[in-house]
Amino acid sequence: MMVKRGFFFISMALCFINMTCEEGDKIDLSSEICDQKITVNRNLFTNLESAHFTFVNAQIIEDCLTLEISASGCDGHSWGFNLVDSGAVAESSPEQRSLKLQLLNKEACLAVFKRTISFDLRPLQINGSHEIILHLEGLETSLRYKY
């Protein structure tokens with residue numbers, strides 16, 4: 001009985017040791033933290049149509065762009081979102097990119113609701129740069145994305 005317990009504890013200890021991270025390991029949680037990915041597509045950007053909405057707040061937290069919007073609807077739970085980048089990079093210091101948010105809203109109620117959604121900004125990063133100015137159509141101020 002003692003041998004079985006000893007073997008069990010040694011086996012468990014080896015399992016825990018095997019699962020520990022190395023000192024240099026970097027865990028990327030932004031894909032789990034951000035709700036959605038950004039689409040980079042010039043044609044889609046040019047032809048994007050959206051239901052009406054208003055920006056309430058916009059902020060960048062690490063690699064996520066978090067947007068709070070308000071729009072009319074029944075409860076806002078069925079809304080869909082797309083964030084589309086034009087694919088063009090303005091050669092300035094820092095570089096600049098243009099974005100549009102698309103709200104897909106089929107709700108036919110007159111109440112106004114707010115929703116918050118976040119997007120992973122990593123696909124917009126430019127090699128050799130550590131900062132981008134983001135111009136989001138409909139947002140009064142530009143946003144600085146530092147990475």
# chains A, B, ... in the order shown; residues from 1 in each chain; ligands from 1
>>> residues_around(residues="Lys37 in chain A", least_positions_apart="4", cutoff="12 Å", atoms="only C-alpha atoms", output="ChimeraX atom specification")
/A:30-33,63-66,81-85,117-124
>>> write_last_selection(atoms="N, CA, C and O atoms", output="PDB file, in the first residue's frame")
ATOM      1  N   SER A  30      -3.721  37.316 -26.257  1.00  0.00           N
ATOM      2  CA  SER A  30      -4.556  38.314 -26.921  1.00  0.00           C
ATOM      3  C   SER A  30      -5.608  37.681 -27.819  1.00  0.00           C
ATOM      4  O   SER A  30      -6.692  38.224 -27.968  1.00  0.00           O
ATOM      5  N   SER A  31      -5.313  36.525 -28.425  1.00  0.00           N
ATOM      6  CA  SER A  31      -6.330  35.891 -29.258  1.00  0.00           C
ATOM      7  C   SER A  31      -7.487  35.380 -28.408  1.00  0.00           C
ATOM      8  O   SER A  31      -8.598  35.236 -28.888  1.00  0.00           O
ATOM      9  N   GLU A  32      -7.218  35.098 -27.118  1.00  0.00           N
ATOM     10  CA  GLU A  32      -8.282  34.673 -26.224  1.00  0.00           C
ATOM     11  C   GLU A  32      -8.986  35.866 -25.590  1.00  0.00           C
ATOM     12  O   GLU A  32     -10.126  35.768 -25.191  1.00  0.00           O
ATOM     13  N   ILE A  33      -8.290  36.995 -25.493  1.00  0.00           N
ATOM     14  CA  ILE A  33      -8.850  38.172 -24.858  1.00  0.00           C
ATOM     15  C   ILE A  33      -9.714  38.960 -25.842  1.00  0.00           C
ATOM     16  O   ILE A  33     -10.781  39.427 -25.493  1.00  0.00           O
ATOM     17  N   ASP A  63      -2.977  44.425 -27.348  1.00  0.00           N
ATOM     18  CA  ASP A  63      -3.173  44.217 -28.788  1.00  0.00           C
ATOM     19  C   ASP A  63      -4.643  44.187 -29.191  1.00  0.00           C
ATOM     20  O   ASP A  63      -4.983  43.735 -30.282  1.00  0.00           O
ATOM     21  N   CYS A  64      -5.525  44.652 -28.321  1.00  0.00           N
ATOM     22  CA  CYS A  64      -6.963  44.640 -28.615  1.00  0.00           C
ATOM     23  C   CYS A  64      -7.505  46.064 -28.757  1.00  0.00           C
ATOM     24  O   CYS A  64      -7.242  46.916 -27.918  1.00  0.00           O
ATOM     25  N   LEU A  65      -8.275  46.285 -29.812  1.00  0.00           N
ATOM     26  CA  LEU A  65      -9.039  47.519 -29.964  1.00  0.00           C
ATOM     27  C   LEU A  65     -10.427  47.226 -29.413  1.00  0.00           C
ATOM     28  O   LEU A  65     -11.142  46.362 -29.929  1.00  0.00           O
ATOM     29  N   THR A  66     -10.805  47.926 -28.344  1.00  0.00           N
ATOM     30  CA  THR A  66     -12.102  47.720 -27.713  1.00  0.00           C
ATOM     31  C   THR A  66     -13.010  48.878 -28.097  1.00  0.00           C
ATOM     32  O   THR A  66     -12.673  50.040 -27.882  1.00  0.00           O
ATOM     33  N   PHE A  81     -20.523  41.985 -36.055  1.00  0.00           N
ATOM     34  CA  PHE A  81     -19.543  43.048 -36.274  1.00  0.00           C
ATOM     35  C   PHE A  81     -18.429  42.573 -37.190  1.00  0.00           C
ATOM     36  O   PHE A  81     -18.021  41.411 -37.126  1.00  0.00           O
ATOM     37  N   ASN A  82     -17.925  43.485 -38.005  1.00  0.00           N
ATOM     38  CA  ASN A  82     -16.713  43.275 -38.786  1.00  0.00           C
ATOM     39  C   ASN A  82     -15.897  44.551 -38.719  1.00  0.00           C
ATOM     40  O   ASN A  82     -16.453  45.643 -38.861  1.00  0.00           O
ATOM     41  N   LEU A  83     -14.615  44.425 -38.504  1.00  0.00           N
ATOM     42  CA  LEU A  83     -13.706  45.564 -38.570  1.00  0.00           C
ATOM     43  C   LEU A  83     -12.803  45.312 -39.760  1.00  0.00           C
ATOM     44  O   LEU A  83     -12.131  44.276 -39.822  1.00  0.00           O
ATOM     45  N   VAL A  84     -12.810  46.249 -40.716  1.00  0.00           N
ATOM     46  CA  VAL A  84     -12.101  46.043 -41.972  1.00  0.00           C
ATOM     47  C   VAL A  84     -11.057  47.133 -42.162  1.00  0.00           C
ATOM     48  O   VAL A  84     -11.354  48.324 -42.038  1.00  0.00           O
ATOM     49  N   ASP A  85      -9.845  46.711 -42.484  1.00  0.00           N
ATOM     50  CA  ASP A  85      -8.734  47.612 -42.791  1.00  0.00           C
ATOM     51  C   ASP A  85      -8.626  47.723 -44.310  1.00  0.00           C
ATOM     52  O   ASP A  85      -8.844  46.746 -45.030  1.00  0.00           O
ATOM     53  N   ILE A 117     -17.261  45.392 -28.094  1.00  0.00           N
ATOM     54  CA  ILE A 117     -16.614  44.331 -28.868  1.00  0.00           C
ATOM     55  C   ILE A 117     -15.144  44.674 -28.996  1.00  0.00           C
ATOM     56  O   ILE A 117     -14.787  45.847 -29.013  1.00  0.00           O
ATOM     57  N   SER A 118     -14.304  43.665 -29.062  1.00  0.00           N
ATOM     58  CA  SER A 118     -12.873  43.931 -29.214  1.00  0.00           C
ATOM     59  C   SER A 118     -12.310  43.160 -30.402  1.00  0.00           C
ATOM     60  O   SER A 118     -12.817  42.101 -30.770  1.00  0.00           O
ATOM     61  N   PHE A 119     -11.262  43.739 -30.988  1.00  0.00           N
ATOM     62  CA  PHE A 119     -10.638  43.174 -32.180  1.00  0.00           C
ATOM     63  C   PHE A 119      -9.135  43.060 -31.981  1.00  0.00           C
ATOM     64  O   PHE A 119      -8.497  43.967 -31.445  1.00  0.00           O
ATOM     65  N   ASP A 120      -8.572  41.971 -32.464  1.00  0.00           N
ATOM     66  CA  ASP A 120      -7.137  41.710 -32.378  1.00  0.00           C
ATOM     67  C   ASP A 120      -6.410  42.569 -33.417  1.00  0.00           C
ATOM     68  O   ASP A 120      -6.644  42.434 -34.617  1.00  0.00           O
ATOM     69  N   LEU A 121      -5.535  43.457 -32.960  1.00  0.00           N
ATOM     70  CA  LEU A 121      -4.836  44.393 -33.844  1.00  0.00           C
ATOM     71  C   LEU A 121      -3.543  43.840 -34.437  1.00  0.00           C
ATOM     72  O   LEU A 121      -2.945  44.476 -35.301  1.00  0.00           O
ATOM     73  N   ARG A 122      -3.095  42.683 -34.003  1.00  0.00           N
ATOM     74  CA  ARG A 122      -1.805  42.167 -34.467  1.00  0.00           C
ATOM     75  C   ARG A 122      -1.662  42.061 -35.981  1.00  0.00           C
ATOM     76  O   ARG A 122      -0.577  42.311 -36.496  1.00  0.00           O
ATOM     77  N   PRO A 123      -2.718  41.740 -36.744  1.00  0.00           N
ATOM     78  CA  PRO A 123      -2.539  41.686 -38.202  1.00  0.00           C
ATOM     79  C   PRO A 123      -2.178  43.036 -38.831  1.00  0.00           C
ATOM     80  O   PRO A 123      -1.743  43.085 -39.985  1.00  0.00           O
ATOM     81  N   LEU A 124      -2.346  44.127 -38.095  1.00  0.00           N
ATOM     82  CA  LEU A 124      -2.040  45.457 -38.625  1.00  0.00           C
ATOM     83  C   LEU A 124      -0.603  45.888 -38.341  1.00  0.00           C
ATOM     84  O   LEU A 124      -0.156  46.916 -38.858  1.00  0.00           O
TER      85      LEU A 124
END
>>> residues_around(residues="Ser142 in chain A", least_positions_apart="3", cutoff="12 Å", atoms="only C-alpha atoms", output="list of chain:residue names")
A:Ala58, A:Gln59, A:Ile60, A:Gln96, A:Arg97, A:Ser98, A:Leu99, A:Ile132, A:Ile133, A:Leu134, A:His135, A:Leu136, A:Glu137, A:Gly138, A:Leu139, A:Tyr145
>>> select_by_dssp(residues="range 21-109 of chain A", states="alpha helix (DSSP H)", output="list of chain:residue names")
A:Ser30, A:Ser31, A:Glu32, A:Ile33, A:Arg42, A:Asn43, A:Leu44, A:Phe45, A:Thr46
>>> closest_residue(among="A:Ile126, A:Cys74, A:Leu103, A:Ile61", to="Ala90 in chain A", atoms="only C-alpha atoms")
A:Ile126
>>> select_by_dssp(residues="range 19-95 of chain A", states="strand (DSSP E or B)", output="ChimeraX atom specification")
/A:36-37,39-40,54-61,64-73,80-85,90,95
>>> residues_around(residues="Ser93 in chain A", least_positions_apart="5", cutoff="12 Å", atoms="only C-alpha atoms", output="short mmCIF file (atom, residue, chain, number, x, y, z; two decimals) with N, CA and C atoms, in the first residue's frame")
data_model
loop_
_atom_site.label_atom_id
_atom_site.label_comp_id
_atom_site.auth_asym_id
_atom_site.auth_seq_id
_atom_site.Cartn_x
_atom_site.Cartn_y
_atom_site.Cartn_z
N GLY A 128 9.39 46.38 -38.50
CA GLY A 128 10.31 47.50 -38.36
C GLY A 128 9.70 48.72 -37.70
N SER A 129 8.43 48.65 -37.37
CA SER A 129 7.75 49.75 -36.70
C SER A 129 7.22 49.26 -35.37
N HIS A 130 6.98 50.20 -34.45
CA HIS A 130 6.44 49.82 -33.14
C HIS A 130 5.21 50.65 -32.78
N GLU A 131 4.68 51.39 -33.77
CA GLU A 131 3.51 52.24 -33.51
C GLU A 131 2.81 52.53 -34.84
N ILE A 132 1.48 52.56 -34.79
CA ILE A 132 0.65 52.89 -35.96
C ILE A 132 -0.45 53.83 -35.49
N ILE A 133 -0.79 54.79 -36.35
CA ILE A 133 -1.96 55.64 -36.10
C ILE A 133 -3.13 54.99 -36.84
N ARG A 144 -3.67 55.64 -31.27
CA ARG A 144 -2.28 55.21 -31.38
C ARG A 144 -2.16 53.78 -30.88
#
>>> residues_around(residues="Gly87 in chain A", least_positions_apart="5", cutoff="7 Å", atoms="only C-alpha atoms", output="PDB file with N, CA, C and O atoms, in the first residue's frame")
ATOM      1  N   VAL A  40      -8.361  42.417 -43.416  1.00  0.00           N
ATOM      2  CA  VAL A  40      -7.620  43.367 -44.246  1.00  0.00           C
ATOM      3  C   VAL A  40      -7.997  43.062 -45.690  1.00  0.00           C
ATOM      4  O   VAL A  40      -7.606  42.040 -46.243  1.00  0.00           O
ATOM      5  N   ASN A  41      -8.802  43.969 -46.307  1.00  0.00           N
ATOM      6  CA  ASN A  41      -9.301  43.723 -47.657  1.00  0.00           C
ATOM      7  C   ASN A  41      -9.754  45.046 -48.270  1.00  0.00           C
ATOM      8  O   ASN A  41     -10.758  45.622 -47.835  1.00  0.00           O
ATOM      9  N   ARG A  42      -9.025  45.520 -49.263  1.00  0.00           N
ATOM     10  CA  ARG A  42      -9.323  46.813 -49.885  1.00  0.00           C
ATOM     11  C   ARG A  42     -10.716  46.842 -50.515  1.00  0.00           C
ATOM     12  O   ARG A  42     -11.470  47.800 -50.340  1.00  0.00           O
TER      13      ARG A  42
END
>>> residues_around(residues="Thr116 in chain A", least_positions_apart="3", cutoff="9 Å", atoms="only C-alpha atoms", output="NGL selection string")
:A and (57 or 66-70)
>>> write_last_selection(atoms="all heavy atoms", output="PDB file, in the first residue's frame")
ATOM      1  N   ASN A  57     -17.272  54.733 -27.046  1.00  0.00           N
ATOM      2  CA  ASN A  57     -15.906  54.731 -26.530  1.00  0.00           C
ATOM      3  C   ASN A  57     -15.039  53.846 -27.419  1.00  0.00           C
ATOM      4  O   ASN A  57     -15.528  52.880 -28.006  1.00  0.00           O
ATOM      5  CB  ASN A  57     -15.877  54.213 -25.086  1.00  0.00           C
ATOM      6  CG  ASN A  57     -14.553  54.412 -24.410  1.00  0.00           C
ATOM      7  OD1 ASN A  57     -13.777  55.290 -24.785  1.00  0.00           O
ATOM      8  ND2 ASN A  57     -14.280  53.607 -23.399  1.00  0.00           N
ATOM      9  N   THR A  66     -10.805  47.926 -28.344  1.00  0.00           N
ATOM     10  CA  THR A  66     -12.102  47.720 -27.713  1.00  0.00           C
ATOM     11  C   THR A  66     -13.010  48.878 -28.097  1.00  0.00           C
ATOM     12  O   THR A  66     -12.673  50.040 -27.882  1.00  0.00           O
ATOM     13  CB  THR A  66     -11.952  47.636 -26.180  1.00  0.00           C
ATOM     14  OG1 THR A  66     -11.061  46.555 -25.881  1.00  0.00           O
ATOM     15  CG2 THR A  66     -13.289  47.390 -25.516  1.00  0.00           C
ATOM     16  N   LEU A  67     -14.145  48.543 -28.693  1.00  0.00           N
ATOM     17  CA  LEU A  67     -15.106  49.542 -29.154  1.00  0.00           C
ATOM     18  C   LEU A  67     -16.434  49.350 -28.438  1.00  0.00           C
ATOM     19  O   LEU A  67     -16.953  48.237 -28.369  1.00  0.00           O
ATOM     20  CB  LEU A  67     -15.332  49.400 -30.665  1.00  0.00           C
ATOM     21  CG  LEU A  67     -14.099  49.556 -31.551  1.00  0.00           C
ATOM     22  CD1 LEU A  67     -14.431  49.176 -32.987  1.00  0.00           C
ATOM     23  CD2 LEU A  67     -13.566  50.966 -31.462  1.00  0.00           C
ATOM     24  N   GLU A  68     -16.971  50.452 -27.928  1.00  0.00           N
ATOM     25  CA  GLU A  68     -18.320  50.444 -27.377  1.00  0.00           C
ATOM     26  C   GLU A  68     -19.175  51.276 -28.315  1.00  0.00           C
ATOM     27  O   GLU A  68     -18.830  52.410 -28.640  1.00  0.00           O
ATOM     28  CB  GLU A  68     -18.345  51.033 -25.969  1.00  0.00           C
ATOM     29  CG  GLU A  68     -19.735  50.983 -25.350  1.00  0.00           C
ATOM     30  CD  GLU A  68     -19.782  51.581 -23.946  1.00  0.00           C
ATOM     31  OE1 GLU A  68     -18.809  52.226 -23.521  1.00  0.00           O
ATOM     32  OE2 GLU A  68     -20.826  51.410 -23.298  1.00  0.00           O
ATOM     33  N   ILE A  69     -20.285  50.692 -28.773  1.00  0.00           N
ATOM     34  CA  ILE A  69     -21.175  51.403 -29.692  1.00  0.00           C
ATOM     35  C   ILE A  69     -22.587  51.388 -29.135  1.00  0.00           C
ATOM     36  O   ILE A  69     -22.932  50.567 -28.279  1.00  0.00           O
ATOM     37  CB  ILE A  69     -21.169  50.788 -31.107  1.00  0.00           C
ATOM     38  CG1 ILE A  69     -21.765  49.376 -31.093  1.00  0.00           C
ATOM     39  CG2 ILE A  69     -19.784  50.784 -31.700  1.00  0.00           C
ATOM     40  CD1 ILE A  69     -22.477  49.016 -32.350  1.00  0.00           C
ATOM     41  N   SER A  70     -23.411  52.302 -29.654  1.00  0.00           N
ATOM     42  CA  SER A  70     -24.840  52.272 -29.348  1.00  0.00           C
ATOM     43  C   SER A  70     -25.594  52.257 -30.664  1.00  0.00           C
ATOM     44  O   SER A  70     -25.159  52.842 -31.657  1.00  0.00           O
ATOM     45  CB  SER A  70     -25.251  53.462 -28.489  1.00  0.00           C
ATOM     46  OG  SER A  70     -25.125  54.667 -29.211  1.00  0.00           O
TER      47      SER A  70
END
>>> atom_distance(atom1="CA of Leu101 in chain A", atom2="CA of Asn127 in chain A")
24.6 Å
>>> atom_distance(atom1="CA of Lys146 in chain A", atom2="CA of Val89 in chain A")
15.7 Å
